[in-house]
file entry_38.cif (mmCIF, N, CA and C atoms)
data_work
loop_
_atom_site.label_atom_id
_atom_site.label_comp_id
_atom_site.auth_asym_id
_atom_site.auth_seq_id
_atom_site.Cartn_x
_atom_site.Cartn_y
_atom_site.Cartn_z
N MET A 3 23.38 -1.91 13.65
CA MET A 3 22.25 -1.60 14.51
C MET A 3 21.51 -2.90 14.81
N ASP A 4 21.20 -3.10 16.08
CA ASP A 4 20.45 -4.31 16.43
C ASP A 4 18.95 -4.01 16.40
N LYS A 5 18.16 -5.05 16.61
CA LYS A 5 16.70 -4.93 16.51
C LYS A 5 16.14 -3.90 17.50
N LYS A 6 16.62 -3.95 18.73
CA LYS A 6 16.13 -3.04 19.76
C LYS A 6 16.40 -1.58 19.37
N GLU A 7 17.60 -1.32 18.88
CA GLU A 7 17.96 0.03 18.45
C GLU A 7 17.13 0.46 17.23
N ALA A 8 16.91 -0.47 16.31
CA ALA A 8 16.10 -0.16 15.12
C ALA A 8 14.68 0.23 15.51
N LEU A 9 14.08 -0.52 16.42
CA LEU A 9 12.71 -0.21 16.86
C LEU A 9 12.66 1.15 17.55
N LYS A 10 13.68 1.45 18.33
CA LYS A 10 13.76 2.75 19.00
C LYS A 10 13.87 3.87 17.96
N GLN A 11 14.73 3.68 16.97
CA GLN A 11 14.91 4.68 15.91
C GLN A 11 13.62 4.91 15.13
N ILE A 12 12.91 3.83 14.83
CA ILE A 12 11.65 3.97 14.09
C ILE A 12 10.69 4.86 14.86
N LYS A 13 10.60 4.64 16.17
CA LYS A 13 9.68 5.43 17.00
C LYS A 13 10.09 6.89 17.08
N GLU A 14 11.38 7.14 17.20
CA GLU A 14 11.85 8.48 17.52
C GLU A 14 12.25 9.34 16.32
N ASP A 15 12.64 8.71 15.22
CA ASP A 15 13.21 9.45 14.09
C ASP A 15 12.20 9.55 12.94
N ASP A 16 11.71 10.75 12.67
CA ASP A 16 10.75 10.94 11.60
C ASP A 16 11.32 10.64 10.22
N PHE A 17 12.63 10.65 10.11
CA PHE A 17 13.27 10.43 8.81
C PHE A 17 13.88 9.03 8.68
N PHE A 18 13.53 8.16 9.61
CA PHE A 18 14.03 6.78 9.57
C PHE A 18 13.56 6.09 8.30
N SER A 19 14.43 5.30 7.69
CA SER A 19 14.06 4.55 6.49
C SER A 19 14.65 3.15 6.57
N LEU A 20 13.84 2.16 6.27
CA LEU A 20 14.34 0.79 6.22
C LEU A 20 15.46 0.66 5.19
N GLY A 21 15.40 1.44 4.14
CA GLY A 21 16.39 1.35 3.08
C GLY A 21 17.74 1.92 3.47
N ASP A 22 17.73 2.99 4.24
CA ASP A 22 18.98 3.66 4.58
C ASP A 22 19.56 3.26 5.92
N ASP A 23 18.69 2.89 6.84
CA ASP A 23 19.12 2.81 8.23
C ASP A 23 19.29 1.42 8.82
N VAL A 24 18.90 0.37 8.12
CA VAL A 24 19.06 -0.97 8.69
C VAL A 24 19.66 -1.93 7.67
N ASP A 25 20.26 -2.98 8.18
CA ASP A 25 20.84 -3.97 7.28
C ASP A 25 19.77 -4.96 6.81
N GLU A 26 20.15 -5.78 5.85
CA GLU A 26 19.19 -6.72 5.24
C GLU A 26 18.54 -7.66 6.25
N LYS A 27 19.27 -8.05 7.25
CA LYS A 27 18.72 -8.95 8.26
C LYS A 27 17.47 -8.35 8.91
N LEU A 28 17.56 -7.08 9.24
CA LEU A 28 16.42 -6.43 9.88
C LEU A 28 15.30 -6.12 8.89
N GLN A 29 15.63 -6.02 7.60
CA GLN A 29 14.60 -5.82 6.59
C GLN A 29 13.74 -7.08 6.44
N GLY A 30 14.20 -8.16 7.00
CA GLY A 30 13.45 -9.40 6.98
C GLY A 30 12.80 -9.72 8.32
N ASP A 31 12.93 -8.82 9.27
CA ASP A 31 12.34 -9.01 10.60
C ASP A 31 10.94 -8.41 10.61
N LYS A 32 9.94 -9.25 10.81
CA LYS A 32 8.55 -8.79 10.70
C LYS A 32 8.22 -7.68 11.68
N GLU A 33 8.70 -7.77 12.90
CA GLU A 33 8.38 -6.75 13.90
C GLU A 33 8.96 -5.39 13.50
N VAL A 34 10.19 -5.39 13.02
CA VAL A 34 10.84 -4.15 12.58
C VAL A 34 10.12 -3.58 11.36
N VAL A 35 9.83 -4.43 10.41
CA VAL A 35 9.16 -3.96 9.18
C VAL A 35 7.76 -3.45 9.48
N LEU A 36 7.02 -4.15 10.33
CA LEU A 36 5.67 -3.67 10.70
C LEU A 36 5.74 -2.28 11.35
N ALA A 37 6.68 -2.10 12.25
CA ALA A 37 6.82 -0.79 12.90
C ALA A 37 7.15 0.29 11.87
N ALA A 38 8.03 -0.04 10.93
CA ALA A 38 8.44 0.94 9.91
C ALA A 38 7.29 1.29 8.96
N VAL A 39 6.57 0.28 8.45
CA VAL A 39 5.51 0.57 7.48
C VAL A 39 4.29 1.20 8.13
N LYS A 40 4.15 1.01 9.43
CA LYS A 40 3.06 1.68 10.15
C LYS A 40 3.30 3.19 10.13
N LYS A 41 4.56 3.57 10.14
CA LYS A 41 4.94 4.98 10.13
C LYS A 41 5.06 5.53 8.71
N ASP A 42 5.59 4.71 7.80
CA ASP A 42 5.75 5.11 6.39
C ASP A 42 5.53 3.87 5.53
N GLY A 43 4.35 3.77 4.95
CA GLY A 43 3.99 2.60 4.17
C GLY A 43 4.95 2.30 3.03
N LEU A 44 5.58 3.34 2.50
CA LEU A 44 6.48 3.16 1.37
C LEU A 44 7.77 2.42 1.75
N ASP A 45 8.01 2.26 3.04
CA ASP A 45 9.16 1.46 3.47
C ASP A 45 8.99 -0.01 3.08
N LEU A 46 7.79 -0.38 2.65
CA LEU A 46 7.56 -1.74 2.16
C LEU A 46 8.54 -2.06 1.02
N ASP A 47 8.94 -1.05 0.30
CA ASP A 47 9.88 -1.22 -0.81
C ASP A 47 11.19 -1.88 -0.35
N TYR A 48 11.59 -1.63 0.89
CA TYR A 48 12.86 -2.12 1.40
C TYR A 48 12.72 -3.41 2.20
N ALA A 49 11.50 -3.85 2.41
CA ALA A 49 11.28 -5.08 3.18
C ALA A 49 11.70 -6.29 2.36
N ASP A 50 12.07 -7.32 3.06
CA ASP A 50 12.40 -8.59 2.43
C ASP A 50 11.20 -9.06 1.58
N GLU A 51 11.49 -9.73 0.47
CA GLU A 51 10.43 -10.20 -0.43
C GLU A 51 9.37 -11.02 0.30
N LYS A 52 9.80 -11.83 1.24
CA LYS A 52 8.87 -12.66 2.00
C LYS A 52 7.84 -11.78 2.72
N LEU A 53 8.30 -10.66 3.25
CA LEU A 53 7.39 -9.77 3.98
C LEU A 53 6.55 -8.92 3.03
N GLN A 54 7.02 -8.72 1.81
CA GLN A 54 6.21 -8.03 0.80
C GLN A 54 5.03 -8.91 0.38
N GLY A 55 5.10 -10.18 0.74
CA GLY A 55 4.02 -11.11 0.46
C GLY A 55 3.22 -11.46 1.70
N ASP A 56 3.52 -10.82 2.82
CA ASP A 56 2.83 -11.07 4.08
C ASP A 56 1.62 -10.12 4.16
N LYS A 57 0.45 -10.68 4.21
CA LYS A 57 -0.77 -9.86 4.15
C LYS A 57 -0.86 -8.84 5.28
N GLU A 58 -0.49 -9.22 6.49
CA GLU A 58 -0.55 -8.29 7.62
C GLU A 58 0.37 -7.09 7.39
N VAL A 59 1.58 -7.35 6.94
CA VAL A 59 2.55 -6.29 6.68
C VAL A 59 2.04 -5.38 5.56
N VAL A 60 1.58 -5.98 4.47
CA VAL A 60 1.13 -5.19 3.33
C VAL A 60 -0.12 -4.38 3.67
N LEU A 61 -1.06 -4.96 4.38
CA LEU A 61 -2.25 -4.20 4.80
C LEU A 61 -1.86 -3.00 5.66
N THR A 62 -0.93 -3.20 6.56
CA THR A 62 -0.47 -2.10 7.41
C THR A 62 0.15 -1.01 6.54
N ALA A 63 0.96 -1.41 5.59
CA ALA A 63 1.63 -0.44 4.71
C ALA A 63 0.62 0.33 3.85
N VAL A 64 -0.30 -0.37 3.21
CA VAL A 64 -1.23 0.32 2.29
C VAL A 64 -2.25 1.17 3.03
N LYS A 65 -2.54 0.83 4.27
CA LYS A 65 -3.44 1.68 5.04
C LYS A 65 -2.75 3.00 5.39
N GLN A 66 -1.44 2.95 5.55
CA GLN A 66 -0.69 4.16 5.84
C GLN A 66 -0.48 4.97 4.56
N ASP A 67 -0.18 4.28 3.47
CA ASP A 67 0.02 4.95 2.17
C ASP A 67 -0.36 3.97 1.07
N GLY A 68 -1.44 4.23 0.40
CA GLY A 68 -1.94 3.33 -0.64
C GLY A 68 -0.92 3.03 -1.73
N ASN A 69 -0.01 3.95 -1.96
CA ASN A 69 1.01 3.75 -2.99
C ASN A 69 1.94 2.58 -2.66
N ALA A 70 1.94 2.13 -1.43
CA ALA A 70 2.78 0.99 -1.04
C ALA A 70 2.36 -0.28 -1.78
N LEU A 71 1.16 -0.28 -2.33
CA LEU A 71 0.70 -1.44 -3.10
C LEU A 71 1.69 -1.78 -4.22
N ALA A 72 2.37 -0.79 -4.73
CA ALA A 72 3.35 -1.00 -5.81
C ALA A 72 4.44 -1.99 -5.40
N TYR A 73 4.72 -2.09 -4.09
CA TYR A 73 5.81 -2.94 -3.60
C TYR A 73 5.32 -4.27 -3.05
N ALA A 74 4.03 -4.50 -3.11
CA ALA A 74 3.46 -5.75 -2.60
C ALA A 74 3.68 -6.88 -3.58
N ASP A 75 3.69 -8.08 -3.05
CA ASP A 75 3.78 -9.28 -3.88
C ASP A 75 2.58 -9.33 -4.83
N LYS A 76 2.81 -9.91 -5.98
CA LYS A 76 1.79 -10.00 -7.03
C LYS A 76 0.47 -10.58 -6.52
N LYS A 77 0.55 -11.61 -5.68
CA LYS A 77 -0.69 -12.24 -5.19
C LYS A 77 -1.51 -11.29 -4.33
N LEU A 78 -0.85 -10.37 -3.65
CA LEU A 78 -1.59 -9.42 -2.82
C LEU A 78 -2.15 -8.26 -3.64
N LYS A 79 -1.57 -8.02 -4.81
CA LYS A 79 -2.14 -7.02 -5.72
C LYS A 79 -3.45 -7.54 -6.33
N ALA A 80 -3.69 -8.84 -6.15
CA ALA A 80 -4.93 -9.46 -6.62
C ALA A 80 -5.89 -9.73 -5.46
N ASP A 81 -5.51 -9.35 -4.26
CA ASP A 81 -6.33 -9.58 -3.06
C ASP A 81 -7.25 -8.37 -2.87
N LYS A 82 -8.53 -8.61 -2.97
CA LYS A 82 -9.50 -7.50 -2.93
C LYS A 82 -9.43 -6.70 -1.63
N GLU A 83 -9.25 -7.38 -0.50
CA GLU A 83 -9.17 -6.68 0.79
C GLU A 83 -7.97 -5.71 0.81
N VAL A 84 -6.85 -6.18 0.33
CA VAL A 84 -5.63 -5.36 0.30
C VAL A 84 -5.81 -4.18 -0.66
N VAL A 85 -6.32 -4.45 -1.85
CA VAL A 85 -6.50 -3.38 -2.83
C VAL A 85 -7.52 -2.36 -2.36
N LEU A 86 -8.60 -2.81 -1.75
CA LEU A 86 -9.59 -1.86 -1.21
C LEU A 86 -8.95 -0.95 -0.16
N ALA A 87 -8.15 -1.52 0.72
CA ALA A 87 -7.47 -0.71 1.74
C ALA A 87 -6.55 0.30 1.08
N ALA A 88 -5.86 -0.13 0.04
CA ALA A 88 -4.93 0.77 -0.66
C ALA A 88 -5.67 1.92 -1.33
N VAL A 89 -6.72 1.62 -2.07
CA VAL A 89 -7.42 2.69 -2.80
C VAL A 89 -8.21 3.61 -1.88
N LYS A 90 -8.56 3.12 -0.71
CA LYS A 90 -9.23 4.00 0.27
C LYS A 90 -8.22 4.99 0.85
N SER A 91 -6.96 4.61 0.86
CA SER A 91 -5.89 5.49 1.33
C SER A 91 -5.44 6.43 0.21
N ASN A 92 -5.35 5.88 -1.00
CA ASN A 92 -4.94 6.68 -2.17
C ASN A 92 -5.59 6.06 -3.40
N GLY A 93 -6.56 6.74 -3.95
CA GLY A 93 -7.33 6.21 -5.08
C GLY A 93 -6.47 5.81 -6.27
N ASN A 94 -5.38 6.52 -6.47
CA ASN A 94 -4.52 6.21 -7.61
C ASN A 94 -3.76 4.90 -7.45
N ALA A 95 -3.81 4.30 -6.28
CA ALA A 95 -3.16 3.00 -6.06
C ALA A 95 -3.79 1.93 -6.95
N ILE A 96 -4.96 2.22 -7.50
CA ILE A 96 -5.63 1.25 -8.37
C ILE A 96 -4.74 0.87 -9.56
N ILE A 97 -3.84 1.74 -9.92
CA ILE A 97 -2.94 1.45 -11.04
C ILE A 97 -2.09 0.21 -10.79
N ASP A 98 -1.84 -0.12 -9.52
CA ASP A 98 -1.01 -1.27 -9.17
C ASP A 98 -1.82 -2.53 -8.89
N ALA A 99 -3.14 -2.42 -8.95
CA ALA A 99 -4.00 -3.59 -8.75
C ALA A 99 -4.00 -4.44 -10.02
N THR A 100 -4.39 -5.68 -9.87
CA THR A 100 -4.49 -6.55 -11.05
C THR A 100 -5.62 -6.06 -11.95
N ASP A 101 -5.55 -6.45 -13.22
CA ASP A 101 -6.58 -6.05 -14.19
C ASP A 101 -7.97 -6.44 -13.70
N LYS A 102 -8.07 -7.60 -13.08
CA LYS A 102 -9.36 -8.09 -12.58
C LYS A 102 -9.96 -7.11 -11.56
N LEU A 103 -9.12 -6.56 -10.70
CA LEU A 103 -9.64 -5.64 -9.69
C LEU A 103 -9.83 -4.23 -10.24
N GLN A 104 -9.16 -3.91 -11.32
CA GLN A 104 -9.37 -2.60 -11.95
C GLN A 104 -10.73 -2.52 -12.64
N VAL A 105 -11.38 -3.66 -12.81
CA VAL A 105 -12.73 -3.67 -13.40
C VAL A 105 -13.79 -4.05 -12.36
N ASP A 106 -13.37 -4.20 -11.11
CA ASP A 106 -14.30 -4.52 -10.03
C ASP A 106 -14.96 -3.22 -9.57
N LYS A 107 -16.27 -3.14 -9.72
CA LYS A 107 -16.97 -1.88 -9.47
C LYS A 107 -16.79 -1.39 -8.03
N GLU A 108 -16.79 -2.29 -7.06
CA GLU A 108 -16.61 -1.88 -5.66
C GLU A 108 -15.24 -1.22 -5.45
N VAL A 109 -14.21 -1.82 -6.02
CA VAL A 109 -12.86 -1.28 -5.91
C VAL A 109 -12.76 0.06 -6.63
N VAL A 110 -13.31 0.12 -7.83
CA VAL A 110 -13.26 1.35 -8.63
C VAL A 110 -14.00 2.48 -7.92
N LEU A 111 -15.16 2.18 -7.37
CA LEU A 111 -15.91 3.22 -6.65
C LEU A 111 -15.12 3.73 -5.45
N ALA A 112 -14.51 2.83 -4.71
CA ALA A 112 -13.70 3.25 -3.56
C ALA A 112 -12.55 4.14 -4.01
N ALA A 113 -11.94 3.79 -5.13
CA ALA A 113 -10.81 4.57 -5.65
C ALA A 113 -11.25 5.97 -6.07
N VAL A 114 -12.30 6.07 -6.85
CA VAL A 114 -12.71 7.39 -7.36
C VAL A 114 -13.35 8.24 -6.27
N LYS A 115 -13.89 7.61 -5.25
CA LYS A 115 -14.42 8.39 -4.12
C LYS A 115 -13.28 9.00 -3.32
N GLN A 116 -12.13 8.33 -3.30
CA GLN A 116 -10.97 8.87 -2.60
C GLN A 116 -10.27 9.93 -3.46
N ASP A 117 -10.18 9.67 -4.74
CA ASP A 117 -9.52 10.60 -5.67
C ASP A 117 -10.17 10.45 -7.04
N GLY A 118 -10.94 11.43 -7.42
CA GLY A 118 -11.66 11.37 -8.69
C GLY A 118 -10.76 11.14 -9.90
N LEU A 119 -9.52 11.55 -9.81
CA LEU A 119 -8.59 11.38 -10.92
C LEU A 119 -8.21 9.92 -11.13
N ALA A 120 -8.53 9.06 -10.19
CA ALA A 120 -8.26 7.62 -10.34
C ALA A 120 -9.07 7.05 -11.50
N LEU A 121 -10.09 7.76 -11.92
CA LEU A 121 -10.92 7.33 -13.05
C LEU A 121 -10.04 7.06 -14.28
N GLU A 122 -8.93 7.74 -14.38
CA GLU A 122 -8.01 7.57 -15.50
C GLU A 122 -7.50 6.13 -15.61
N TYR A 123 -7.43 5.40 -14.50
CA TYR A 123 -6.81 4.09 -14.48
C TYR A 123 -7.79 2.92 -14.49
N VAL A 124 -9.07 3.20 -14.67
CA VAL A 124 -10.06 2.11 -14.63
C VAL A 124 -10.46 1.70 -16.05
N SER A 125 -11.16 0.59 -16.12
CA SER A 125 -11.54 0.05 -17.43
C SER A 125 -12.46 1.02 -18.17
N GLU A 126 -12.42 0.92 -19.49
CA GLU A 126 -13.27 1.76 -20.34
C GLU A 126 -14.74 1.55 -19.99
N LYS A 127 -15.09 0.30 -19.71
CA LYS A 127 -16.48 -0.01 -19.38
C LYS A 127 -16.95 0.80 -18.17
N LEU A 128 -16.12 0.86 -17.14
CA LEU A 128 -16.52 1.59 -15.94
C LEU A 128 -16.38 3.10 -16.09
N LYS A 129 -15.58 3.54 -17.03
CA LYS A 129 -15.51 4.97 -17.31
C LYS A 129 -16.84 5.46 -17.89
N GLY A 130 -17.63 4.54 -18.40
CA GLY A 130 -18.94 4.88 -18.93
C GLY A 130 -20.08 4.60 -17.96
N ASP A 131 -19.75 4.15 -16.76
CA ASP A 131 -20.75 3.83 -15.75
C ASP A 131 -21.13 5.12 -15.01
N LYS A 132 -22.41 5.46 -15.06
CA LYS A 132 -22.89 6.72 -14.50
C LYS A 132 -22.54 6.86 -13.01
N GLU A 133 -22.72 5.80 -12.24
CA GLU A 133 -22.45 5.85 -10.81
C GLU A 133 -20.97 6.14 -10.54
N VAL A 134 -20.11 5.50 -11.29
CA VAL A 134 -18.67 5.67 -11.13
C VAL A 134 -18.26 7.09 -11.51
N VAL A 135 -18.75 7.56 -12.64
CA VAL A 135 -18.39 8.90 -13.10
C VAL A 135 -18.92 9.97 -12.13
N LEU A 136 -20.14 9.80 -11.65
CA LEU A 136 -20.68 10.77 -10.68
C LEU A 136 -19.85 10.80 -9.40
N ALA A 137 -19.44 9.63 -8.93
CA ALA A 137 -18.62 9.56 -7.72
C ALA A 137 -17.28 10.27 -7.96
N ALA A 138 -16.72 10.09 -9.12
CA ALA A 138 -15.44 10.73 -9.45
C ALA A 138 -15.60 12.25 -9.51
N VAL A 139 -16.67 12.69 -10.17
CA VAL A 139 -16.89 14.13 -10.33
C VAL A 139 -17.17 14.79 -8.98
N LYS A 140 -17.93 14.12 -8.12
CA LYS A 140 -18.23 14.67 -6.80
C LYS A 140 -16.95 14.85 -5.99
N GLN A 141 -16.03 13.94 -6.19
CA GLN A 141 -14.78 14.01 -5.43
C GLN A 141 -13.96 15.15 -5.99
#
call {"tool": "encode", "arguments": {"input": "entry_38.cif", "output": "structure tokens"}}
result
Amino acid sequence: MDKKEALKQIKEDDFFSLGDDVDEKLQGDKEVVLAAVKKDGLDLDYADEKLQGDKEVVLTAVKQDGNALAYADKKLKADKEVVLAAVKSNGNAIIDATDKLQVDKEVVLAAVKQDGLALEYVSEKLKGDKEVVLAAVKQ
């Protein structure tokens, strides 16, 4: 499959997957990967490592599905903007953030406001923070 056909398939096929439907060359093509992760963020898993470290690609993926953070490069798991986008999409994505961001109150609040059960993955200190716990319970 060439690039043009891959882009067409991504648009038209709800079950398209970077892992099943394209060769490695296209998994390293930023335009193809961006189109795929815009539709299914978890396709980041099949993207070339270089693109798993590309902030634009990863932000697109985590905004579509916060769980895509699991497939991001380590440096982006430490990027507050990326992690905030991920936890706003899926609060439980905080589990894939760096320890430093798991104790960042802004990130933790965003996570528990999206999914109160994300409280399970935050630091003990913030589990005792009234504002954080109230936000989790309200959710």
call {"tool": "closest_residue", "arguments": {"input": "entry_38.cif", "among": "A:Ala112, A:Phe17, A:Lys5, A:Ala74", "to": "Lys90 in chain A", "atoms": "only N, CA and C atoms"}}
result
A:Ala112
call {"tool": "closest_residue", "arguments": {"input": "entry_38.cif", "among": "A:Leu9, A:Asp23, A:Lys107, A:Leu53", "to": "Leu128 in chain A", "atoms": "all atoms listed in the file"}}
result
A:Lys107
call {"tool": "closest_residue", "arguments": {"input": "entry_38.cif", "among": "A:Lys65, A:Gln11, A:Ala113, A:Lys76", "to": "Thr100 in chain A", "atoms": "only N, CA and C atoms"}}
result
A:Lys76
call {"tool": "closest_residue", "arguments": {"input": "entry_38.cif", "among": "A:Ala63, A:Ala137, A:Ala72, A:Val84", "to": "Val110 in chain A", "atoms": "only C-alpha atoms"}}
result
A:Ala137
call {"tool": "atom_distance", "arguments": {"input": "entry_38.cif", "atom1": "atom N of Gly93 in chain A", "atom2": "atom C of Asp117 in chain A"}}
result
6.0 Å
call {"tool": "residues_around", "arguments": {"input": "entry_38.cif", "residues": "Ile97 in chain A", "least_positions_apart": "2", "cutoff": "6 Å", "atoms": "only C-alpha atoms", "output": "compact mmCIF listing (two decimals) with N, CA and C atoms, in the coordinates of the input"}}
result
# COMPACT_ATOMS: atom_id res chain seq x y z
N ALA A 95 -3.81 4.30 -6.28
CA ALA A 95 -3.16 3.00 -6.06
C ALA A 95 -3.79 1.93 -6.95
N ALA A 99 -3.14 -2.42 -8.95
CA ALA A 99 -4.00 -3.59 -8.75
C ALA A 99 -4.00 -4.44 -10.02
N TYR A 123 -7.43 5.40 -14.50
CA TYR A 123 -6.81 4.09 -14.48
C TYR A 123 -7.79 2.92 -14.49
call {"tool": "atom_distance", "arguments": {"input": "entry_38.cif", "atom1": "atom N of Gly68 in chain A", "atom2": "atom C of Ala88 in chain A"}}
result
5.1 Å
call {"tool": "select_by_dssp", "arguments": {"input": "entry_38.cif", "residues": "range 5-136 of chain A", "states": "helix (DSSP H, G or I)", "output": "count of residues only"}}
result
103
call {"tool": "residues_near_point", "arguments": {"input": "entry_38.cif", "point": "(14.2, 6.8, 13.6)", "cutoff": "12 Å", "atoms": "only C-alpha atoms", "output": "PDB file with N, CA and C atoms, in the frame of the given file"}}
result
ATOM      1  N   MET A   3      23.380  -1.910  13.650  1.00  0.00           N
ATOM      2  CA  MET A   3      22.250  -1.600  14.510  1.00  0.00           C
ATOM      3  C   MET A   3      21.510  -2.900  14.810  1.00  0.00           C
ATOM      4  N   LYS A   6      16.620  -3.950  18.730  1.00  0.00           N
ATOM      5  CA  LYS A   6      16.130  -3.040  19.760  1.00  0.00           C
ATOM      6  C   LYS A   6      16.400  -1.580  19.370  1.00  0.00           C
ATOM      7  N   GLU A   7      17.600  -1.320  18.880  1.00  0.00           N
ATOM      8  CA  GLU A   7      17.960   0.030  18.450  1.00  0.00           C
ATOM      9  C   GLU A   7      17.130   0.460  17.230  1.00  0.00           C
ATOM     10  N   ALA A   8      16.910  -0.470  16.310  1.00  0.00           N
ATOM     11  CA  ALA A   8      16.100  -0.160  15.120  1.00  0.00           C
ATOM     12  C   ALA A   8      14.680   0.230  15.510  1.00  0.00           C
ATOM     13  N   LEU A   9      14.080  -0.520  16.420  1.00  0.00           N
ATOM     14  CA  LEU A   9      12.710  -0.210  16.860  1.00  0.00           C
ATOM     15  C   LEU A   9      12.660   1.150  17.550  1.00  0.00           C
ATOM     16  N   LYS A  10      13.680   1.450  18.330  1.00  0.00           N
ATOM     17  CA  LYS A  10      13.760   2.750  19.000  1.00  0.00           C
ATOM     18  C   LYS A  10      13.870   3.870  17.960  1.00  0.00           C
ATOM     19  N   GLN A  11      14.730   3.680  16.970  1.00  0.00           N
ATOM     20  CA  GLN A  11      14.910   4.680  15.910  1.00  0.00           C
ATOM     21  C   GLN A  11      13.620   4.910  15.130  1.00  0.00           C
ATOM     22  N   ILE A  12      12.910   3.830  14.830  1.00  0.00           N
ATOM     23  CA  ILE A  12      11.650   3.970  14.090  1.00  0.00           C
ATOM     24  C   ILE A  12      10.690   4.860  14.860  1.00  0.00           C
ATOM     25  N   LYS A  13      10.600   4.640  16.170  1.00  0.00           N
ATOM     26  CA  LYS A  13       9.680   5.430  17.000  1.00  0.00           C
ATOM     27  C   LYS A  13      10.090   6.890  17.080  1.00  0.00           C
ATOM     28  N   GLU A  14      11.380   7.140  17.200  1.00  0.00           N
ATOM     29  CA  GLU A  14      11.850   8.480  17.520  1.00  0.00           C
ATOM     30  C   GLU A  14      12.250   9.340  16.320  1.00  0.00           C
ATOM     31  N   ASP A  15      12.640   8.710  15.220  1.00  0.00           N
ATOM     32  CA  ASP A  15      13.210   9.450  14.090  1.00  0.00           C
ATOM     33  C   ASP A  15      12.200   9.550  12.940  1.00  0.00           C
ATOM     34  N   ASP A  16      11.710  10.750  12.670  1.00  0.00           N
ATOM     35  CA  ASP A  16      10.750  10.940  11.600  1.00  0.00           C
ATOM     36  C   ASP A  16      11.320  10.640  10.220  1.00  0.00           C
ATOM     37  N   PHE A  17      12.630  10.650  10.110  1.00  0.00           N
ATOM     38  CA  PHE A  17      13.270  10.430   8.810  1.00  0.00           C
ATOM     39  C   PHE A  17      13.880   9.030   8.680  1.00  0.00           C
ATOM     40  N   PHE A  18      13.530   8.160   9.610  1.00  0.00           N
ATOM     41  CA  PHE A  18      14.030   6.780   9.570  1.00  0.00           C
ATOM     42  C   PHE A  18      13.560   6.090   8.300  1.00  0.00           C
ATOM     43  N   SER A  19      14.430   5.300   7.690  1.00  0.00           N
ATOM     44  CA  SER A  19      14.060   4.550   6.490  1.00  0.00           C
ATOM     45  C   SER A  19      14.650   3.150   6.570  1.00  0.00           C
ATOM     46  N   LEU A  20      13.840   2.160   6.270  1.00  0.00           N
ATOM     47  CA  LEU A  20      14.340   0.790   6.220  1.00  0.00           C
ATOM     48  C   LEU A  20      15.460   0.660   5.190  1.00  0.00           C
ATOM     49  N   ASP A  22      17.730   2.990   4.240  1.00  0.00           N
ATOM     50  CA  ASP A  22      18.980   3.660   4.580  1.00  0.00           C
ATOM     51  C   ASP A  22      19.560   3.260   5.920  1.00  0.00           C
ATOM     52  N   ASP A  23      18.690   2.890   6.840  1.00  0.00           N
ATOM     53  CA  ASP A  23      19.120   2.810   8.230  1.00  0.00           C
ATOM     54  C   ASP A  23      19.290   1.420   8.820  1.00  0.00           C
ATOM     55  N   VAL A  24      18.900   0.370   8.120  1.00  0.00           N
ATOM     56  CA  VAL A  24      19.060  -0.970   8.690  1.00  0.00           C
ATOM     57  C   VAL A  24      19.660  -1.930   7.670  1.00  0.00           C
ATOM     58  N   VAL A  34      10.190  -5.390  13.020  1.00  0.00           N
ATOM     59  CA  VAL A  34      10.840  -4.150  12.580  1.00  0.00           C
ATOM     60  C   VAL A  34      10.120  -3.580  11.360  1.00  0.00           C
ATOM     61  N   ALA A  37       6.680  -2.100  12.250  1.00  0.00           N
ATOM     62  CA  ALA A  37       6.820  -0.790  12.900  1.00  0.00           C
ATOM     63  C   ALA A  37       7.150   0.290  11.870  1.00  0.00           C
ATOM     64  N   ALA A  38       8.030  -0.040  10.930  1.00  0.00           N
ATOM     65  CA  ALA A  38       8.440   0.940   9.910  1.00  0.00           C
ATOM     66  C   ALA A  38       7.290   1.290   8.960  1.00  0.00           C
ATOM     67  N   LYS A  41       4.560   3.570  10.140  1.00  0.00           N
ATOM     68  CA  LYS A  41       4.940   4.980  10.130  1.00  0.00           C
ATOM     69  C   LYS A  41       5.060   5.530   8.710  1.00  0.00           C
ATOM     70  N   ASP A  42       5.590   4.710   7.800  1.00  0.00           N
ATOM     71  CA  ASP A  42       5.750   5.110   6.390  1.00  0.00           C
ATOM     72  C   ASP A  42       5.530   3.870   5.530  1.00  0.00           C
TER      73      ASP A  42
END
call {"tool": "atom_distance", "arguments": {"input": "entry_38.cif", "atom1": "atom N of Tyr48 in chain A", "atom2": "atom N of Glu83 in chain A"}}
result
21.7 Å
call {"tool": "closest_residue", "arguments": {"input": "entry_38.cif", "among": "A:Ala49, A:Leu44, A:Val35, A:Val124", "to": "Asn69 in chain A", "atoms": "all atoms listed in the file"}}
result
A:Leu44
call {"tool": "closest_residue", "arguments": {"input": "entry_38.cif", "among": "A:Leu136, A:Gln141, A:Lys102, A:Ala80", "to": "Gly118 in chain A", "atoms": "only N, CA and C atoms"}}
result
A:Gln141
call {"tool": "axis_aligned_box", "arguments": {"input": "entry_38.cif", "around": "range 93-110 of chain A", "padding_each_side": "3 Å", "output": "AutoDock Vina command-line options"}}
result
--center_x -9.0 --center_y -0.7 --center_z -9.1 --size_x 22.0 --size_y 20.8 --size_z 16.2
call {"tool": "residues_near_point", "arguments": {"input": "entry_38.cif", "point": "(-3.4, -2.4, 7.1)", "cutoff": "8 Å", "atoms": "only C-alpha atoms", "output": "PyMOL selection string"}}
result
chain A and resi 58-66+84+87
